[in-house]
$ cat input.txt   # compact mmCIF, N, CA and C atoms
# COMPACT_ATOMS: atom_id res chain seq x y z
N LEU A 733 -15.94 0.24 2.16
CA LEU A 733 -15.13 -0.44 1.17
C LEU A 733 -15.46 -1.93 1.25
N LYS A 734 -15.94 -2.46 0.16
CA LYS A 734 -16.39 -3.86 0.13
C LYS A 734 -15.24 -4.85 -0.07
N GLY A 735 -14.20 -4.42 -0.79
CA GLY A 735 -13.08 -5.32 -1.05
C GLY A 735 -12.06 -4.68 -1.95
N ILE A 736 -10.99 -5.41 -2.19
CA ILE A 736 -9.92 -4.95 -3.06
C ILE A 736 -9.36 -6.16 -3.81
N VAL A 737 -8.94 -5.94 -5.05
CA VAL A 737 -8.35 -7.01 -5.85
C VAL A 737 -6.90 -6.65 -6.15
N SER A 738 -6.02 -7.58 -5.89
CA SER A 738 -4.60 -7.38 -6.18
C SER A 738 -4.13 -8.43 -7.17
N GLU A 739 -2.94 -8.23 -7.69
CA GLU A 739 -2.34 -9.24 -8.57
C GLU A 739 -2.22 -10.56 -7.82
N GLN A 740 -1.90 -10.46 -6.55
CA GLN A 740 -1.75 -11.66 -5.72
C GLN A 740 -3.08 -12.41 -5.61
N ASP A 741 -4.18 -11.67 -5.44
CA ASP A 741 -5.50 -12.30 -5.40
C ASP A 741 -5.77 -13.04 -6.70
N TYR A 742 -5.50 -12.38 -7.81
CA TYR A 742 -5.75 -12.98 -9.11
C TYR A 742 -4.91 -14.24 -9.30
N THR A 743 -3.63 -14.12 -8.97
CA THR A 743 -2.73 -15.27 -9.12
C THR A 743 -3.17 -16.44 -8.26
N ARG A 744 -3.45 -16.15 -7.01
CA ARG A 744 -3.79 -17.21 -6.06
C ARG A 744 -5.14 -17.85 -6.37
N LYS A 745 -6.12 -17.05 -6.74
CA LYS A 745 -7.48 -17.56 -6.88
C LYS A 745 -7.87 -17.95 -8.29
N VAL A 746 -7.13 -17.50 -9.28
CA VAL A 746 -7.48 -17.83 -10.67
C VAL A 746 -6.40 -18.70 -11.30
N ILE A 747 -5.19 -18.20 -11.37
CA ILE A 747 -4.14 -18.91 -12.08
C ILE A 747 -3.74 -20.21 -11.37
N LEU A 748 -3.47 -20.13 -10.07
CA LEU A 748 -3.00 -21.31 -9.35
C LEU A 748 -4.07 -22.38 -9.18
N THR A 749 -5.34 -21.98 -9.23
CA THR A 749 -6.41 -22.97 -9.10
C THR A 749 -6.95 -23.39 -10.47
N CYS A 750 -6.34 -22.85 -11.53
CA CYS A 750 -6.71 -23.18 -12.91
C CYS A 750 -8.18 -22.89 -13.21
N LEU A 751 -8.70 -21.83 -12.61
CA LEU A 751 -10.09 -21.44 -12.88
C LEU A 751 -10.14 -20.55 -14.11
N ASN A 752 -11.29 -20.48 -14.73
CA ASN A 752 -11.49 -19.66 -15.91
C ASN A 752 -11.88 -18.25 -15.47
N ALA A 753 -11.00 -17.30 -15.71
CA ALA A 753 -11.23 -15.92 -15.29
C ALA A 753 -12.47 -15.32 -15.95
N GLU A 754 -12.79 -15.77 -17.15
CA GLU A 754 -13.95 -15.24 -17.85
C GLU A 754 -15.26 -15.60 -17.15
N GLN A 755 -15.24 -16.64 -16.36
CA GLN A 755 -16.44 -17.07 -15.66
C GLN A 755 -16.49 -16.56 -14.22
N MET A 756 -15.50 -15.78 -13.82
CA MET A 756 -15.44 -15.28 -12.45
C MET A 756 -15.71 -13.79 -12.42
N SER A 757 -16.23 -13.34 -11.31
CA SER A 757 -16.43 -11.90 -11.12
C SER A 757 -15.37 -11.38 -10.15
N VAL A 758 -15.24 -10.09 -10.08
CA VAL A 758 -14.33 -9.46 -9.13
C VAL A 758 -14.67 -9.92 -7.72
N GLN A 759 -15.95 -10.01 -7.45
CA GLN A 759 -16.42 -10.44 -6.13
C GLN A 759 -15.87 -11.82 -5.75
N ASP A 760 -15.67 -12.68 -6.74
CA ASP A 760 -15.16 -14.03 -6.49
C ASP A 760 -13.71 -14.04 -6.02
N ILE A 761 -12.93 -13.07 -6.46
CA ILE A 761 -11.50 -13.11 -6.14
C ILE A 761 -11.03 -12.02 -5.19
N MET A 762 -11.86 -11.02 -4.91
CA MET A 762 -11.42 -9.90 -4.08
C MET A 762 -11.18 -10.31 -2.63
N THR A 763 -10.30 -9.57 -1.98
CA THR A 763 -10.08 -9.70 -0.55
C THR A 763 -11.14 -8.86 0.14
N ARG A 764 -11.90 -9.47 1.01
CA ARG A 764 -13.02 -8.76 1.65
C ARG A 764 -12.60 -8.03 2.93
N GLN A 765 -11.66 -8.58 3.65
CA GLN A 765 -11.20 -7.92 4.87
C GLN A 765 -10.01 -7.04 4.50
N VAL A 766 -10.32 -5.82 4.11
CA VAL A 766 -9.31 -4.90 3.58
C VAL A 766 -8.61 -4.17 4.72
N VAL A 767 -7.29 -4.20 4.68
CA VAL A 767 -6.50 -3.41 5.61
C VAL A 767 -6.44 -2.00 5.02
N VAL A 768 -6.72 -0.99 5.83
CA VAL A 768 -6.73 0.39 5.35
C VAL A 768 -5.85 1.26 6.25
N THR A 769 -5.60 2.46 5.78
CA THR A 769 -4.89 3.46 6.56
C THR A 769 -5.70 4.74 6.58
N ARG A 770 -5.27 5.68 7.41
CA ARG A 770 -5.90 7.00 7.51
C ARG A 770 -4.91 8.06 7.03
N PRO A 771 -5.38 9.18 6.55
CA PRO A 771 -4.46 10.24 6.11
C PRO A 771 -3.53 10.71 7.23
N SER A 772 -3.95 10.57 8.48
CA SER A 772 -3.15 11.06 9.60
C SER A 772 -2.01 10.12 10.00
N GLN A 773 -2.00 8.89 9.49
CA GLN A 773 -0.93 7.97 9.86
C GLN A 773 0.38 8.37 9.20
N SER A 774 1.47 8.16 9.92
CA SER A 774 2.78 8.54 9.38
C SER A 774 3.23 7.57 8.29
N VAL A 775 4.14 8.05 7.48
CA VAL A 775 4.72 7.23 6.42
C VAL A 775 5.34 5.97 7.02
N HIS A 776 6.02 6.12 8.14
CA HIS A 776 6.69 4.98 8.76
C HIS A 776 5.69 3.97 9.33
N GLU A 777 4.58 4.44 9.88
CA GLU A 777 3.54 3.53 10.38
C GLU A 777 2.94 2.73 9.22
N VAL A 778 2.63 3.42 8.14
CA VAL A 778 2.03 2.76 6.99
C VAL A 778 3.02 1.77 6.36
N MET A 779 4.29 2.16 6.30
CA MET A 779 5.32 1.24 5.78
C MET A 779 5.39 -0.02 6.63
N ALA A 780 5.30 0.13 7.94
CA ALA A 780 5.34 -1.03 8.84
C ALA A 780 4.14 -1.95 8.60
N ILE A 781 2.96 -1.37 8.43
CA ILE A 781 1.76 -2.16 8.16
C ILE A 781 1.93 -2.94 6.86
N MET A 782 2.37 -2.23 5.82
CA MET A 782 2.51 -2.86 4.51
C MET A 782 3.58 -3.95 4.52
N THR A 783 4.66 -3.72 5.24
CA THR A 783 5.73 -4.70 5.33
C THR A 783 5.27 -5.93 6.11
N ASP A 784 4.64 -5.70 7.26
CA ASP A 784 4.16 -6.81 8.10
C ASP A 784 3.13 -7.67 7.37
N ARG A 785 2.23 -7.02 6.64
CA ARG A 785 1.14 -7.74 5.96
C ARG A 785 1.47 -8.16 4.54
N ARG A 786 2.65 -7.74 4.07
CA ARG A 786 3.08 -8.01 2.69
C ARG A 786 2.06 -7.48 1.67
N ILE A 787 1.71 -6.22 1.89
CA ILE A 787 0.74 -5.53 1.04
C ILE A 787 1.50 -4.46 0.25
N ARG A 788 1.20 -4.34 -1.04
CA ARG A 788 1.87 -3.33 -1.87
C ARG A 788 1.03 -2.08 -2.10
N HIS A 789 -0.27 -2.18 -1.87
CA HIS A 789 -1.17 -1.03 -2.04
C HIS A 789 -2.14 -1.01 -0.87
N LEU A 790 -2.40 0.18 -0.35
CA LEU A 790 -3.25 0.32 0.83
C LEU A 790 -4.25 1.45 0.61
N PRO A 791 -5.55 1.15 0.70
CA PRO A 791 -6.55 2.21 0.58
C PRO A 791 -6.44 3.19 1.75
N VAL A 792 -6.66 4.46 1.45
CA VAL A 792 -6.66 5.50 2.48
C VAL A 792 -8.11 5.90 2.70
N MET A 793 -8.59 5.72 3.93
CA MET A 793 -9.99 5.98 4.27
C MET A 793 -10.10 7.12 5.27
N GLN A 794 -11.14 7.94 5.09
CA GLN A 794 -11.43 9.01 6.04
C GLN A 794 -12.93 9.14 6.15
N ASP A 795 -13.45 9.04 7.37
CA ASP A 795 -14.89 9.13 7.62
C ASP A 795 -15.68 8.16 6.75
N GLY A 796 -15.16 6.94 6.60
CA GLY A 796 -15.86 5.91 5.84
C GLY A 796 -15.79 6.06 4.34
N GLU A 797 -15.03 7.03 3.86
CA GLU A 797 -14.90 7.26 2.42
C GLU A 797 -13.47 6.98 1.95
N LEU A 798 -13.35 6.40 0.76
CA LEU A 798 -12.05 6.19 0.15
C LEU A 798 -11.53 7.53 -0.36
N VAL A 799 -10.36 7.95 0.15
CA VAL A 799 -9.81 9.24 -0.27
C VAL A 799 -8.49 9.10 -1.03
N GLY A 800 -8.00 7.87 -1.12
CA GLY A 800 -6.76 7.66 -1.86
C GLY A 800 -6.28 6.24 -1.79
N LEU A 801 -5.18 6.01 -2.46
CA LEU A 801 -4.54 4.70 -2.48
C LEU A 801 -3.04 4.95 -2.44
N VAL A 802 -2.36 4.38 -1.46
CA VAL A 802 -0.93 4.58 -1.32
C VAL A 802 -0.21 3.28 -1.68
N SER A 803 0.89 3.43 -2.40
CA SER A 803 1.66 2.25 -2.80
C SER A 803 2.98 2.21 -2.03
N ILE A 804 3.59 1.05 -2.01
CA ILE A 804 4.88 0.90 -1.37
C ILE A 804 5.91 1.81 -2.05
N GLY A 805 5.77 1.99 -3.37
CA GLY A 805 6.65 2.90 -4.10
C GLY A 805 6.51 4.34 -3.65
N ASP A 806 5.26 4.77 -3.38
CA ASP A 806 5.03 6.12 -2.86
C ASP A 806 5.77 6.32 -1.55
N LEU A 807 5.69 5.32 -0.68
CA LEU A 807 6.32 5.41 0.63
C LEU A 807 7.83 5.42 0.52
N VAL A 808 8.37 4.57 -0.33
CA VAL A 808 9.83 4.52 -0.52
C VAL A 808 10.34 5.87 -1.03
N LYS A 809 9.64 6.46 -1.99
CA LYS A 809 10.04 7.78 -2.50
C LYS A 809 10.06 8.82 -1.39
N GLU A 810 9.04 8.81 -0.54
CA GLU A 810 8.96 9.78 0.55
C GLU A 810 10.08 9.57 1.57
N ILE A 811 10.35 8.33 1.90
CA ILE A 811 11.41 8.03 2.86
C ILE A 811 12.77 8.44 2.30
N ILE A 812 13.01 8.17 1.03
CA ILE A 812 14.27 8.59 0.40
C ILE A 812 14.39 10.11 0.42
N SER A 813 13.30 10.80 0.14
CA SER A 813 13.29 12.26 0.16
C SER A 813 13.62 12.78 1.56
N GLU A 814 13.02 12.17 2.58
CA GLU A 814 13.30 12.56 3.97
C GLU A 814 14.78 12.36 4.29
N GLN A 815 15.32 11.22 3.89
CA GLN A 815 16.72 10.92 4.19
C GLN A 815 17.66 11.86 3.45
N GLN A 816 17.34 12.22 2.22
CA GLN A 816 18.17 13.16 1.48
C GLN A 816 18.16 14.53 2.14
N PHE A 817 17.00 14.93 2.67
CA PHE A 817 16.90 16.21 3.38
C PHE A 817 17.78 16.19 4.63
N ILE A 818 17.71 15.10 5.39
CA ILE A 818 18.51 14.97 6.62
C ILE A 818 20.00 15.00 6.28
N ILE A 819 20.39 14.29 5.23
CA ILE A 819 21.79 14.27 4.81
C ILE A 819 22.25 15.68 4.45
N ALA A 820 21.44 16.41 3.71
CA ALA A 820 21.79 17.78 3.32
C ALA A 820 21.93 18.67 4.55
N GLN A 821 21.04 18.51 5.51
CA GLN A 821 21.11 19.30 6.74
C GLN A 821 22.39 18.98 7.52
N LEU A 822 22.73 17.71 7.61
CA LEU A 822 23.94 17.30 8.32
C LEU A 822 25.19 17.82 7.60
N GLU A 823 25.20 17.76 6.28
CA GLU A 823 26.34 18.28 5.52
C GLU A 823 26.51 19.77 5.75
N ASN A 824 25.40 20.51 5.75
CA ASN A 824 25.45 21.95 6.01
C ASN A 824 25.97 22.23 7.41
N TYR A 825 25.55 21.44 8.38
CA TYR A 825 25.98 21.62 9.77
C TYR A 825 27.48 21.36 9.89
N ILE A 826 27.93 20.28 9.27
CA ILE A 826 29.35 19.90 9.36
C ILE A 826 30.23 20.95 8.67
N GLN A 827 29.78 21.47 7.54
CA GLN A 827 30.57 22.45 6.79
C GLN A 827 30.51 23.83 7.43
N GLY A 828 29.62 24.00 8.40
CA GLY A 828 29.54 25.23 9.16
C GLY A 828 28.91 26.32 8.41

$ encode --input "input.txt" --output "structure tokens"
Amino acid sequence: LKGIVSEQDYTRKVILTCLNAEQMSVQDIMTRQVVVTRPSQSVHEVMAIMTDRRIRHLPVMQDGELVGLVSIGDLVKEIISEQQFIIAQLENYIQG
């Protein structure tokens, strides 16, 4: 993976510096040191990485190949689903 371009990259490198986007290439604005995750990492580990680094999208790499892209929204949905399952289990336990 050579790099990734985010809205933040565009804002920081084009809009805030008043550069002409038509004269720039993706290579000019992309982040070259890309933080990635693996399919085997847990939702909570990936959420921690994204929160610590203030990243909203994270490439998923396996054996040097891009296999997906996970967003903070994907992770939030999964965590909410997990919590709803736990709540349902606890309610069933309490109700006997």

$ residues_around --input "input.txt" --residues "A:Gly800" --least-positions-apart "6" --cutoff "8 Å" --atoms "all atoms listed in the file" --output "list in words"
Leu790, Pro791, Val792, Met793 and Gln794 of chain A

$ write_last_selection --input "input.txt" --atoms "N, CA and C atoms" --output "PDB file, in the frame of the given file"
ATOM      1  N   LEU A 790      -2.400   0.180  -0.350  1.00  0.00           N
ATOM      2  CA  LEU A 790      -3.250   0.320   0.830  1.00  0.00           C
ATOM      3  C   LEU A 790      -4.250   1.450   0.610  1.00  0.00           C
ATOM      4  N   PRO A 791      -5.550   1.150   0.700  1.00  0.00           N
ATOM      5  CA  PRO A 791      -6.550   2.210   0.580  1.00  0.00           C
ATOM      6  C   PRO A 791      -6.440   3.190   1.750  1.00  0.00           C
ATOM      7  N   VAL A 792      -6.660   4.460   1.450  1.00  0.00           N
ATOM      8  CA  VAL A 792      -6.660   5.500   2.480  1.00  0.00           C
ATOM      9  C   VAL A 792      -8.110   5.900   2.700  1.00  0.00           C
ATOM     10  N   MET A 793      -8.590   5.720   3.930  1.00  0.00           N
ATOM     11  CA  MET A 793      -9.990   5.980   4.270  1.00  0.00           C
ATOM     12  C   MET A 793     -10.100   7.120   5.270  1.00  0.00           C
ATOM     13  N   GLN A 794     -11.140   7.940   5.090  1.00  0.00           N
ATOM     14  CA  GLN A 794     -11.430   9.010   6.040  1.00  0.00           C
ATOM     15  C   GLN A 794     -12.930   9.140   6.150  1.00  0.00           C
TER      16      GLN A 794
END

$ closest_residue --input "input.txt" --among "A:Thr769, A:Gln759, A:Asn752, A:Gln816" --to "A:Ile787" --atoms "only C-alpha atoms"
A:Thr769

$ residues_around --input "input.txt" --residues "A:Ile736" --least-positions-apart "4" --cutoff "7 Å" --atoms "all atoms listed in the file" --output "list in words"
Ile761, Met762, Thr763, Arg764, Gln765 and Val766 of chain A

$ residues_around --input "input.txt" --residues "A:Met782" --least-positions-apart "6" --cutoff "9 Å" --atoms "only C-alpha atoms" --output "ChimeraX atom specification"
/A:788-790,803-804

$ select_by_dssp --input "input.txt" --residues "stretch 739-818 of chain A" --states "alpha helix (DSSP H)" --output "number ranges by chain"
A: 739-742, 758-761, 775-785, 804-818

$ closest_residue --input "input.txt" --among "A:Asp760, A:His776, A:Val802, A:Leu733" --to "A:Lys745" --atoms "only N, CA and C atoms"
A:Asp760

$ atom_distance --input "input.txt" --atom1 "atom CA of A:Val758" --atom2 "atom CA of A:Gly735"
9.2 Å

$ select_by_dssp --input "input.txt" --residues "chain A" --states "strand (DSSP E or B)" --output "PyMOL selection string"
chain A and resi 736+763+769+789-794+797-803

$ atom_distance --input "input.txt" --atom1 "atom C of A:Val767" --atom2 "atom N of A:Arg786"
10.8 Å

$ residues_around --input "input.txt" --residues "A:Met779" --least-positions-apart "6" --cutoff "8 Å" --atoms "all atoms listed in the file" --output "PDB file with N, CA and C atoms, in the frame of the given file"
ATOM      1  N   GLN A 773      -2.000   8.890   9.490  1.00  0.00           N
ATOM      2  CA  GLN A 773      -0.930   7.970   9.860  1.00  0.00           C
ATOM      3  C   GLN A 773       0.380   8.370   9.200  1.00  0.00           C
ATOM      4  N   ARG A 785       2.230  -7.020   6.640  1.00  0.00           N
ATOM      5  CA  ARG A 785       1.140  -7.740   5.960  1.00  0.00           C
ATOM      6  C   ARG A 785       1.470  -8.160   4.540  1.00  0.00           C
ATOM      7  N   ILE A 804       3.590   1.050  -2.010  1.00  0.00           N
ATOM      8  CA  ILE A 804       4.880   0.900  -1.370  1.00  0.00           C
ATOM      9  C   ILE A 804       5.910   1.810  -2.050  1.00  0.00           C
ATOM     10  N   LEU A 807       5.690   5.320  -0.680  1.00  0.00           N
ATOM     11  CA  LEU A 807       6.320   5.410   0.630  1.00  0.00           C
ATOM     12  C   LEU A 807       7.830   5.420   0.520  1.00  0.00           C
ATOM     13  N   VAL A 808       8.370   4.570  -0.330  1.00  0.00           N
ATOM     14  CA  VAL A 808       9.830   4.520  -0.520  1.00  0.00           C
ATOM     15  C   VAL A 808      10.340   5.870  -1.030  1.00  0.00           C
TER      16      VAL A 808
END

$ atom_distance --input "input.txt" --atom1 "atom CA of A:Glu810" --atom2 "atom C of A:Glu797"
22.6 Å

$ axis_aligned_box --input "input.txt" --around "stretch 761-775 of chain A" --padding-each-side "6 Å" --output "lines of an AutoDock Vina configuration file"
center_x = -3.8
center_y = -1.0
center_z = 1.8
size_x = 30.4
size_y = 36.2
size_z = 28.5
